[in-house]
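Structure data follow from input.pdb (PDB, C-alpha atoms and all ligand atoms):
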```pdb
MODEL        1
ATOM      1  CA  MET N   1    -128.279  48.664  24.748  1.00  0.00           C
ATOM      2  CA  LYS N   2    -130.249  47.245  21.855  1.00  0.00           C
ATOM      3  CA  PHE N   3    -130.268  43.505  21.139  1.00  0.00           C
ATOM      4  CA  PHE N   4    -130.171  42.430  17.513  1.00  0.00           C
ATOM      5  CA  LEU N   5    -130.272  38.768  16.558  1.00  0.00           C
ATOM      6  CA  ASP N   6    -127.477  37.669  14.208  1.00  0.00           C
ATOM      7  CA  THR N   7    -129.347  35.072  12.173  1.00  0.00           C
ATOM      8  CA  ALA N   8    -131.456  34.440   9.087  1.00  0.00           C
ATOM      9  CA  ASN N   9    -133.341  31.622  10.831  1.00  0.00           C
ATOM     10  CA  VAL N  10    -136.975  32.671  11.054  1.00  0.00           C
ATOM     11  CA  GLU N  11    -137.807  30.295  13.928  1.00  0.00           C
ATOM     12  CA  GLU N  12    -135.026  31.799  16.045  1.00  0.00           C
ATOM     13  CA  ILE N  13    -136.253  35.306  15.232  1.00  0.00           C
ATOM     14  CA  LYS N  14    -139.809  34.402  16.281  1.00  0.00           C
ATOM     15  CA  LYS N  15    -138.581  32.971  19.616  1.00  0.00           C
ATOM     16  CA  ALA N  16    -136.474  36.037  20.485  1.00  0.00           C
ATOM     17  CA  ASP N  17    -139.367  38.269  19.459  1.00  0.00           C
ATOM     18  CA  ASP N  18    -141.647  36.285  21.761  1.00  0.00           C
ATOM     19  CA  TRP N  19    -139.273  37.002  24.663  1.00  0.00           C
ATOM     20  CA  GLY N  20    -139.790  40.703  23.910  1.00  0.00           C
ATOM     21  CA  LEU N  21    -136.052  41.185  23.528  1.00  0.00           C
ATOM     22  CA  LEU N  22    -135.677  41.753  19.825  1.00  0.00           C
ATOM     23  CA  ASP N  23    -134.671  45.213  18.575  1.00  0.00           C
ATOM     24  CA  GLY N  24    -133.429  44.192  15.124  1.00  0.00           C
ATOM     25  CA  VAL N  25    -131.869  41.455  12.977  1.00  0.00           C
ATOM     26  CA  THR N  26    -128.583  41.228  11.111  1.00  0.00           C
ATOM     27  CA  THR N  27    -127.854  38.724   8.368  1.00  0.00           C
ATOM     28  CA  ASN N  28    -124.922  38.051   6.089  1.00  0.00           C
ATOM     29  CA  PRO N  29    -124.453  35.803   3.030  1.00  0.00           C
ATOM     30  CA  THR N  30    -123.195  32.940   5.247  1.00  0.00           C
ATOM     31  CA  LEU N  31    -126.275  33.089   7.498  1.00  0.00           C
ATOM     32  CA  ILE N  32    -128.602  33.242   4.452  1.00  0.00           C
ATOM     33  CA  ALA N  33    -126.833  30.217   2.897  1.00  0.00           C
ATOM     34  CA  LYS N  34    -127.270  28.283   6.178  1.00  0.00           C
ATOM     35  CA  THR N  35    -131.081  28.524   5.866  1.00  0.00           C
ATOM     36  CA  GLY N  36    -131.030  26.604   2.555  1.00  0.00           C
ATOM     37  CA  ARG N  37    -133.905  28.831   1.383  1.00  0.00           C
ATOM     38  CA  PRO N  38    -134.260  31.394  -1.447  1.00  0.00           C
ATOM     39  CA  PHE N  39    -132.941  34.824  -0.441  1.00  0.00           C
ATOM     40  CA  LEU N  40    -136.061  36.865  -1.197  1.00  0.00           C
ATOM     41  CA  GLU N  41    -138.379  34.438   0.579  1.00  0.00           C
ATOM     42  CA  VAL N  42    -136.278  34.591   3.784  1.00  0.00           C
ATOM     43  CA  ALA N  43    -135.634  38.340   3.617  1.00  0.00           C
ATOM     44  CA  LYS N  44    -139.320  39.218   3.153  1.00  0.00           C
ATOM     45  CA  GLU N  45    -140.356  36.949   6.032  1.00  0.00           C
ATOM     46  CA  ILE N  46    -137.814  38.533   8.390  1.00  0.00           C
ATOM     47  CA  ILE N  47    -138.791  42.057   7.323  1.00  0.00           C
ATOM     48  CA  GLU N  48    -142.443  41.302   8.010  1.00  0.00           C
ATOM     49  CA  ILE N  49    -141.790  39.856  11.482  1.00  0.00           C
ATOM     50  CA  LEU N  50    -139.747  42.900  12.498  1.00  0.00           C
ATOM     51  CA  GLY N  51    -142.321  45.427  11.216  1.00  0.00           C
ATOM     52  CA  PRO N  52    -141.589  48.953  10.020  1.00  0.00           C
ATOM     53  CA  GLU N  53    -139.532  50.174  12.993  1.00  0.00           C
ATOM     54  CA  ARG N  54    -136.967  47.488  13.819  1.00  0.00           C
ATOM     55  CA  PRO N  55    -134.019  47.291  11.390  1.00  0.00           C
ATOM     56  CA  VAL N  56    -133.075  44.246   9.321  1.00  0.00           C
ATOM     57  CA  SER N  57    -129.563  44.228   7.830  1.00  0.00           C
ATOM     58  CA  LEU N  58    -129.262  42.612   4.396  1.00  0.00           C
ATOM     59  CA  GLU N  59    -125.886  42.459   2.665  1.00  0.00           C
ATOM     60  CA  VAL N  60    -124.857  43.326  -0.892  1.00  0.00           C
ATOM     61  CA  VAL N  61    -122.641  40.834  -2.707  1.00  0.00           C
ATOM     62  CA  ALA N  62    -121.235  43.159  -5.373  1.00  0.00           C
ATOM     63  CA  THR N  63    -117.776  44.539  -4.613  1.00  0.00           C
ATOM     64  CA  ASP N  64    -117.639  47.463  -7.070  1.00  0.00           C
ATOM     65  CA  TYR N  65    -119.191  50.877  -6.370  1.00  0.00           C
ATOM     66  CA  GLU N  66    -121.868  50.775  -9.099  1.00  0.00           C
ATOM     67  CA  GLY N  67    -122.856  47.192  -8.273  1.00  0.00           C
ATOM     68  CA  MET N  68    -123.115  47.890  -4.540  1.00  0.00           C
ATOM     69  CA  VAL N  69    -125.245  51.004  -5.059  1.00  0.00           C
ATOM     70  CA  ARG N  70    -127.539  49.182  -7.519  1.00  0.00           C
ATOM     71  CA  GLN N  71    -127.992  46.185  -5.184  1.00  0.00           C
ATOM     72  CA  ALA N  72    -128.463  48.432  -2.136  1.00  0.00           C
ATOM     73  CA  ARG N  73    -131.263  50.389  -3.819  1.00  0.00           C
ATOM     74  CA  GLU N  74    -133.073  47.118  -4.605  1.00  0.00           C
ATOM     75  CA  LEU N  75    -132.589  45.773  -1.072  1.00  0.00           C
ATOM     76  CA  ALA N  76    -133.861  49.048   0.422  1.00  0.00           C
ATOM     77  CA  LYS N  77    -137.074  48.702  -1.628  1.00  0.00           C
ATOM     78  CA  LEU N  78    -137.913  45.519   0.311  1.00  0.00           C
ATOM     79  CA  GLY N  79    -138.980  47.509   3.373  1.00  0.00           C
ATOM     80  CA  PRO N  80    -138.547  50.741   5.325  1.00  0.00           C
ATOM     81  CA  ASN N  81    -136.670  48.816   8.011  1.00  0.00           C
ATOM     82  CA  VAL N  82    -133.896  47.529   5.708  1.00  0.00           C
ATOM     83  CA  ALA N  83    -130.331  48.589   6.501  1.00  0.00           C
ATOM     84  CA  VAL N  84    -127.965  47.644   3.711  1.00  0.00           C
ATOM     85  CA  LYS N  85    -124.739  45.979   4.755  1.00  0.00           C
ATOM     86  CA  ILE N  86    -121.775  47.241   2.754  1.00  0.00           C
ATOM     87  CA  PRO N  87    -118.252  45.841   3.089  1.00  0.00           C
ATOM     88  CA  MET N  88    -115.476  48.075   4.403  1.00  0.00           C
ATOM     89  CA  THR N  89    -113.578  48.869   1.186  1.00  0.00           C
ATOM     90  CA  PRO N  90    -112.888  52.132  -0.686  1.00  0.00           C
ATOM     91  CA  ASP N  91    -115.746  51.364  -3.094  1.00  0.00           C
ATOM     92  CA  GLY N  92    -117.926  50.415  -0.136  1.00  0.00           C
ATOM     93  CA  ILE N  93    -117.285  53.702   1.672  1.00  0.00           C
ATOM     94  CA  LYS N  94    -118.000  55.628  -1.532  1.00  0.00           C
ATOM     95  CA  ALA N  95    -121.262  53.682  -1.880  1.00  0.00           C
ATOM     96  CA  VAL N  96    -122.199  54.479   1.748  1.00  0.00           C
ATOM     97  CA  LYS N  97    -121.761  58.189   1.048  1.00  0.00           C
ATOM     98  CA  THR N  98    -124.070  57.972  -2.002  1.00  0.00           C
ATOM     99  CA  LEU N  99    -126.673  55.834  -0.219  1.00  0.00           C
ATOM    100  CA  SER N 100    -126.682  58.017   2.913  1.00  0.00           C
ATOM    101  CA  ALA N 101    -127.429  61.062   0.745  1.00  0.00           C
ATOM    102  CA  GLU N 102    -130.415  59.133  -0.679  1.00  0.00           C
ATOM    103  CA  GLY N 103    -131.703  58.353   2.819  1.00  0.00           C
ATOM    104  CA  ILE N 104    -130.899  54.621   2.575  1.00  0.00           C
ATOM    105  CA  LYS N 105    -129.770  53.098   5.885  1.00  0.00           C
ATOM    106  CA  THR N 106    -126.343  51.468   5.755  1.00  0.00           C
ATOM    107  CA  ASN N 107    -124.338  49.108   7.958  1.00  0.00           C
ATOM    108  CA  VAL N 108    -120.598  49.004   7.240  1.00  0.00           C
ATOM    109  CA  THR N 109    -119.473  45.437   7.810  1.00  0.00           C
ATOM    110  CA  LEU N 110    -116.157  43.582   8.158  1.00  0.00           C
ATOM    111  CA  VAL N 111    -114.692  46.336  10.329  1.00  0.00           C
ATOM    112  CA  PHE N 112    -111.561  45.332  12.235  1.00  0.00           C
ATOM    113  CA  SER N 113    -109.837  48.616  13.127  1.00  0.00           C
ATOM    114  CA  PRO N 114    -110.700  51.989  14.697  1.00  0.00           C
ATOM    115  CA  SER N 115    -109.602  53.841  11.563  1.00  0.00           C
ATOM    116  CA  GLN N 116    -112.003  51.788   9.425  1.00  0.00           C
ATOM    117  CA  ALA N 117    -114.788  52.706  11.866  1.00  0.00           C
ATOM    118  CA  LEU N 118    -113.792  56.373  11.565  1.00  0.00           C
ATOM    119  CA  LEU N 119    -114.138  56.175   7.763  1.00  0.00           C
ATOM    120  CA  ALA N 120    -117.579  54.551   8.075  1.00  0.00           C
ATOM    121  CA  ALA N 121    -118.791  57.353  10.367  1.00  0.00           C
ATOM    122  CA  LYS N 122    -117.354  60.065   8.128  1.00  0.00           C
ATOM    123  CA  ALA N 123    -119.192  58.545   5.154  1.00  0.00           C
ATOM    124  CA  GLY N 124    -122.462  58.855   7.112  1.00  0.00           C
ATOM    125  CA  ALA N 125    -123.108  55.161   7.821  1.00  0.00           C
ATOM    126  CA  THR N 126    -126.161  54.456   9.971  1.00  0.00           C
ATOM    127  CA  TYR N 127    -124.370  51.535  11.635  1.00  0.00           C
ATOM    128  CA  VAL N 128    -120.845  50.175  11.879  1.00  0.00           C
ATOM    129  CA  SER N 129    -120.200  46.489  12.577  1.00  0.00           C
ATOM    130  CA  PRO N 130    -116.836  45.725  14.236  1.00  0.00           C
ATOM    131  CA  PHE N 131    -116.261  41.931  14.420  1.00  0.00           C
ATOM    132  CA  VAL N 132    -114.983  41.114  17.897  1.00  0.00           C
ATOM    133  CA  GLY N 133    -115.008  37.300  17.790  1.00  0.00           C
ATOM    134  CA  ARG N 134    -112.916  37.077  14.643  1.00  0.00           C
ATOM    135  CA  LEU N 135    -110.299  39.368  16.236  1.00  0.00           C
ATOM    136  CA  ASP N 136    -110.250  37.192  19.377  1.00  0.00           C
ATOM    137  CA  ASP N 137    -109.766  34.181  17.059  1.00  0.00           C
ATOM    138  CA  ILE N 138    -106.419  35.593  15.902  1.00  0.00           C
ATOM    139  CA  SER N 139    -105.325  36.533  19.449  1.00  0.00           C
ATOM    140  CA  MET N 140    -106.240  40.196  19.138  1.00  0.00           C
ATOM    141  CA  GLU N 141    -108.454  41.973  21.660  1.00  0.00           C
ATOM    142  CA  GLY N 142    -111.888  42.340  20.037  1.00  0.00           C
ATOM    143  CA  MET N 143    -113.407  44.350  22.879  1.00  0.00           C
ATOM    144  CA  LYS N 144    -110.470  46.803  22.859  1.00  0.00           C
ATOM    145  CA  LEU N 145    -111.603  47.729  19.344  1.00  0.00           C
ATOM    146  CA  ILE N 146    -115.079  48.519  20.674  1.00  0.00           C
ATOM    147  CA  GLU N 147    -113.616  50.663  23.470  1.00  0.00           C
ATOM    148  CA  GLU N 148    -111.640  52.717  20.952  1.00  0.00           C
ATOM    149  CA  ILE N 149    -114.549  53.172  18.528  1.00  0.00           C
ATOM    150  CA  VAL N 150    -116.833  54.289  21.385  1.00  0.00           C
ATOM    151  CA  THR N 151    -114.224  56.910  22.388  1.00  0.00           C
ATOM    152  CA  ILE N 152    -113.693  58.136  18.826  1.00  0.00           C
ATOM    153  CA  TYR N 153    -117.408  58.447  18.108  1.00  0.00           C
ATOM    154  CA  ARG N 154    -117.979  60.288  21.400  1.00  0.00           C
ATOM    155  CA  ASN N 155    -115.055  62.658  20.701  1.00  0.00           C
ATOM    156  CA  TYR N 156    -116.727  63.877  17.527  1.00  0.00           C
ATOM    157  CA  ASP N 157    -120.432  63.236  18.258  1.00  0.00           C
ATOM    158  CA  PHE N 158    -120.764  60.883  15.288  1.00  0.00           C
ATOM    159  CA  GLU N 159    -124.312  59.574  14.956  1.00  0.00           C
ATOM    160  CA  THR N 160    -123.271  56.205  13.511  1.00  0.00           C
ATOM    161  CA  GLU N 161    -124.415  53.459  15.891  1.00  0.00           C
ATOM    162  CA  ILE N 162    -121.957  50.762  16.928  1.00  0.00           C
ATOM    163  CA  ILE N 163    -123.161  47.188  16.421  1.00  0.00           C
ATOM    164  CA  VAL N 164    -120.855  44.770  18.226  1.00  0.00           C
ATOM    165  CA  ALA N 165    -120.764  41.850  15.754  1.00  0.00           C
ATOM    166  CA  SER N 166    -119.193  38.403  15.657  1.00  0.00           C
ATOM    167  CA  VAL N 167    -120.379  37.957  19.245  1.00  0.00           C
ATOM    168  CA  ARG N 168    -119.507  34.493  20.532  1.00  0.00           C
ATOM    169  CA  HIS N 169    -120.500  34.389  24.225  1.00  0.00           C
ATOM    170  CA  PRO N 170    -122.245  36.317  27.047  1.00  0.00           C
ATOM    171  CA  GLU N 171    -118.955  37.945  28.059  1.00  0.00           C
ATOM    172  CA  HIS N 172    -118.941  39.856  24.758  1.00  0.00           C
ATOM    173  CA  VAL N 173    -122.453  41.106  25.595  1.00  0.00           C
ATOM    174  CA  ARG N 174    -121.467  42.145  29.135  1.00  0.00           C
ATOM    175  CA  MET N 175    -118.427  44.051  27.868  1.00  0.00           C
ATOM    176  CA  SER N 176    -120.462  45.707  25.096  1.00  0.00           C
ATOM    177  CA  ALA N 177    -122.884  47.074  27.698  1.00  0.00           C
ATOM    178  CA  LEU N 178    -120.098  48.229  30.020  1.00  0.00           C
ATOM    179  CA  LEU N 179    -118.335  50.040  27.190  1.00  0.00           C
ATOM    180  CA  GLY N 180    -121.517  51.777  26.039  1.00  0.00           C
ATOM    181  CA  ALA N 181    -121.906  50.160  22.609  1.00  0.00           C
ATOM    182  CA  ASP N 182    -125.288  50.984  21.086  1.00  0.00           C
ATOM    183  CA  ILE N 183    -126.132  47.464  19.945  1.00  0.00           C
ATOM    184  CA  ALA N 184    -124.888  43.882  20.217  1.00  0.00           C
ATOM    185  CA  THR N 185    -125.919  41.517  17.445  1.00  0.00           C
ATOM    186  CA  ILE N 186    -126.125  38.170  19.149  1.00  0.00           C
ATOM    187  CA  PRO N 187    -126.416  34.594  17.823  1.00  0.00           C
ATOM    188  CA  PHE N 188    -129.520  32.820  19.165  1.00  0.00           C
ATOM    189  CA  ALA N 189    -127.529  30.287  21.242  1.00  0.00           C
ATOM    190  CA  THR N 190    -125.698  33.130  23.001  1.00  0.00           C
ATOM    191  CA  MET N 191    -128.946  34.995  23.655  1.00  0.00           C
ATOM    192  CA  GLU N 192    -130.309  31.858  25.357  1.00  0.00           C
ATOM    193  CA  LYS N 193    -127.189  31.695  27.533  1.00  0.00           C
ATOM    194  CA  LEU N 194    -127.797  35.248  28.810  1.00  0.00           C
ATOM    195  CA  PHE N 195    -130.729  33.954  30.882  1.00  0.00           C
ATOM    196  CA  LYS N 196    -128.700  31.263  32.616  1.00  0.00           C
ATOM    197  CA  HIS N 197    -127.174  31.192  36.075  1.00  0.00           C
ATOM    198  CA  PRO N 198    -126.794  28.012  38.157  1.00  0.00           C
ATOM    199  CA  LEU N 199    -127.813  29.870  41.345  1.00  0.00           C
ATOM    200  CA  THR N 200    -131.082  30.914  39.662  1.00  0.00           C
ATOM    201  CA  ASP N 201    -131.897  27.244  38.941  1.00  0.00           C
ATOM    202  CA  ILE N 202    -130.885  26.087  42.456  1.00  0.00           C
ATOM    203  CA  GLY N 203    -132.783  28.981  44.079  1.00  0.00           C
ATOM    204  CA  LEU N 204    -135.972  28.316  42.131  1.00  0.00           C
ATOM    205  CA  GLU N 205    -135.852  24.597  42.925  1.00  0.00           C
ATOM    206  CA  ARG N 206    -135.493  25.338  46.674  1.00  0.00           C
ATOM    207  CA  PHE N 207    -138.336  27.909  46.735  1.00  0.00           C
ATOM    208  CA  LEU N 208    -140.700  25.423  45.073  1.00  0.00           C
ATOM    209  CA  LYS N 209    -139.622  22.550  47.346  1.00  0.00           C
ATOM    210  CA  ASP N 210    -140.246  24.673  50.487  1.00  0.00           C
ATOM    211  CA  TRP N 211    -143.573  25.912  49.154  1.00  0.00           C
ATOM    212  CA  ASN N 212    -144.671  22.361  48.405  1.00  0.00           C
ATOM    213  CA  SER N 213    -143.865  21.345  52.016  1.00  0.00           C
ATOM    214  CA  LEU N 214    -146.723  23.646  53.240  1.00  0.00           C
ATOM    215  CA  PRO N 215    -150.027  21.956  54.079  1.00  0.00           C
ATOM    216  CA  GLU N 216    -152.443  22.341  51.151  1.00  0.00           C
ATOM    217  CA  ASP N 217    -154.976  24.356  53.224  1.00  0.00           C
ATOM    218  CA  PHE N 218    -152.305  26.995  53.987  1.00  0.00           C
ATOM    219  CA  LYS N 219    -152.194  27.898  50.293  1.00  0.00           C
ATOM    220  CA  PRO N 220    -154.790  30.141  48.633  1.00  0.00           C
ATOM    221  CA  ASP N 221    -156.385  28.554  45.554  1.00  0.00           C
ATOM    222  CA  PHE N 222    -154.662  30.944  43.150  1.00  0.00           C
ATOM    223  CA  LEU N 223    -151.221  29.787  44.377  1.00  0.00           C
ATOM    224  CA  LYS N 224    -151.943  26.083  44.098  1.00  0.00           C
TER     225      LYS N 224
HETATM  226  O1  LIG M 301    -122.848  39.133  10.793  1.00  0.00           O
HETATM  227  C1  LIG M 301    -121.540  39.460  11.068  1.00  0.00           C
HETATM  228  C2  LIG M 301    -120.931  38.702  12.215  1.00  0.00           C
HETATM  229  O2  LIG M 301    -121.749  38.799  13.349  1.00  0.00           O
HETATM  230  C3  LIG M 301    -120.477  37.315  11.901  1.00  0.00           C
HETATM  231  O3  LIG M 301    -120.047  36.609  13.043  1.00  0.00           O
HETATM  232  O4  LIG M 301    -119.398  34.504  14.135  1.00  0.00           O
HETATM  233  O5  LIG M 301    -119.296  34.664  11.624  1.00  0.00           O
HETATM  234  O6  LIG M 301    -117.654  35.872  13.048  1.00  0.00           O
HETATM  235  P1  LIG M 301    -119.047  35.340  12.956  1.00  0.00           P
ENDMDL
END
```
Would you mind writing the structure in this file as structure tokens?
Ligand code: G3P
Amino acid sequence: MKFFLDTANVEEIKKADDWGLLDGVTTNPTLIAKTGRPFLEVAKEIIEILGPERPVSLEVVATDYEGMVRQARELAKLGPNVAVKIPMTPDGIKAVKTLSAEGIKTNVTLVFSPSQALLAAKAGATYVSPFVGRLDDISMEGMKLIEEIVTIYRNYDFETEIIVASVRHPEHVRMSALLGADIATIPFATMEKLFKHPLTDIGLERFLKDWNSLPEDFKPDFLK
């Protein structure tokens, strides 16, 4: 399963990249606004860090077909790794069809039902982004949506990749992997939590304490 970082914060992106765990980045207008920086400055920096292979999702803000297509073409010019995020609406799906035919990568966002995901795949979207956390927030089962989309896409061999979005905690990541989702886009704080287990900390502390109880001349220089 690929790990994308769901952020527009360049420092967070650099840290996850340094861990060697970063397969891509997703942003949205809210995450861009949180940076307090000009859009193009942030977008170009992220695109450069990720290089030509790893995708960066940048979202259109137009809601009509012509506007979305025009904005998507401009966003796609920013780099070969740009995937344009398009909202799940009739105009959005029409725009995805046009952009796919032009070879522009697309990511259909704000997906909350299996039938919406089916439309995105039929339109030729590169990625689909079902929002699990926001479904959980209204007492619906976010991960059930992922299970159903995985089944539907497998039934028909759709090539659209499933990005589990609106991830809130490590349990969403665990379930995404168990269900066979292609990608989870993870906030930085959640990615940090994936490393953690109290028994790892306790175990490491005990190993070091026992090692330190050895006489110094029992230890080779390279382990001192
Ligand atoms: O980028 C889309 C999605 O991941 C947003 O998550 O936490 O705002 O529901 P959230």
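Applied to the file shown here, the PyMOL selection byres (((chain N and resi 189) around 10) and not hetatm) selects Glu12, Arg168, His169, Pro170, Ile186, Pro187, Phe188, Thr190, Met191, Glu192, Lys193 and Leu194 of chain N.
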- Task: Check which residues fall inside 7 Å of ligand LIG 301 (chain M) when counting all atoms listed in the file, and print them as a ChimeraX atom specification.
- Result: /N:6,26-28,131,133-134,165-168,185
- Item | Neighbour list for stretch 138-155 of chain N as a PyMOL selection string, cut-off 12 Å, all atoms listed in the file, skip fewer than 3 positions in-chain | chain N and resi 111-122+127-135+158-168+171-184
- Task: Identify, on the basis of all atoms listed in the file, every residue whose closest approach to N:Ala72 does not exceed 12 Å; exclude the query and any residue fewer than 6 positions from it along the same chain; express the result as JSON, numbers by chain.
- Result: {"N": [57, 58, 59, 60, 61, 62, 63, 64, 65, 66, 78, 79, 82, 83, 84, 85, 86, 87, 92, 95, 96, 98, 99, 100, 102, 103, 104, 105, 106, 107]}
- For N:Ala125, which of N:Leu31, N:Leu50, N:Leu5, N:Lys94 is the closest residue, counting all atoms listed in the file?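 Closest residue, counting all atoms listed in the file: N:Lys94.
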- Pairwise distance for atom CA of N:Leu22 and atom CA of N:Phe3, rounded to one decimal in Å: 5.8 Å
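Our summary of the geometry notes that atom CA of N:Lys97 is positioned 11.8 Å from atom CA of N:Met68.
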- Gap from atom CA of N:Leu204 to atom CA of N:Lys219 - Å, one decimal: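 Distance between the two atoms: 18.2 Å.
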With 6 Å of padding per side, what axis-aligned box (centre and edge lengths, Å, one decimal) covers all the listed atoms of stretch 179-183 of chain N? Give it as lines of an AutoDock Vina configuration file.
```
center_x = -122.2
center_y = 49.6
center_z = 23.6
size_x = 19.8
size_y = 16.3
size_z = 19.2
```
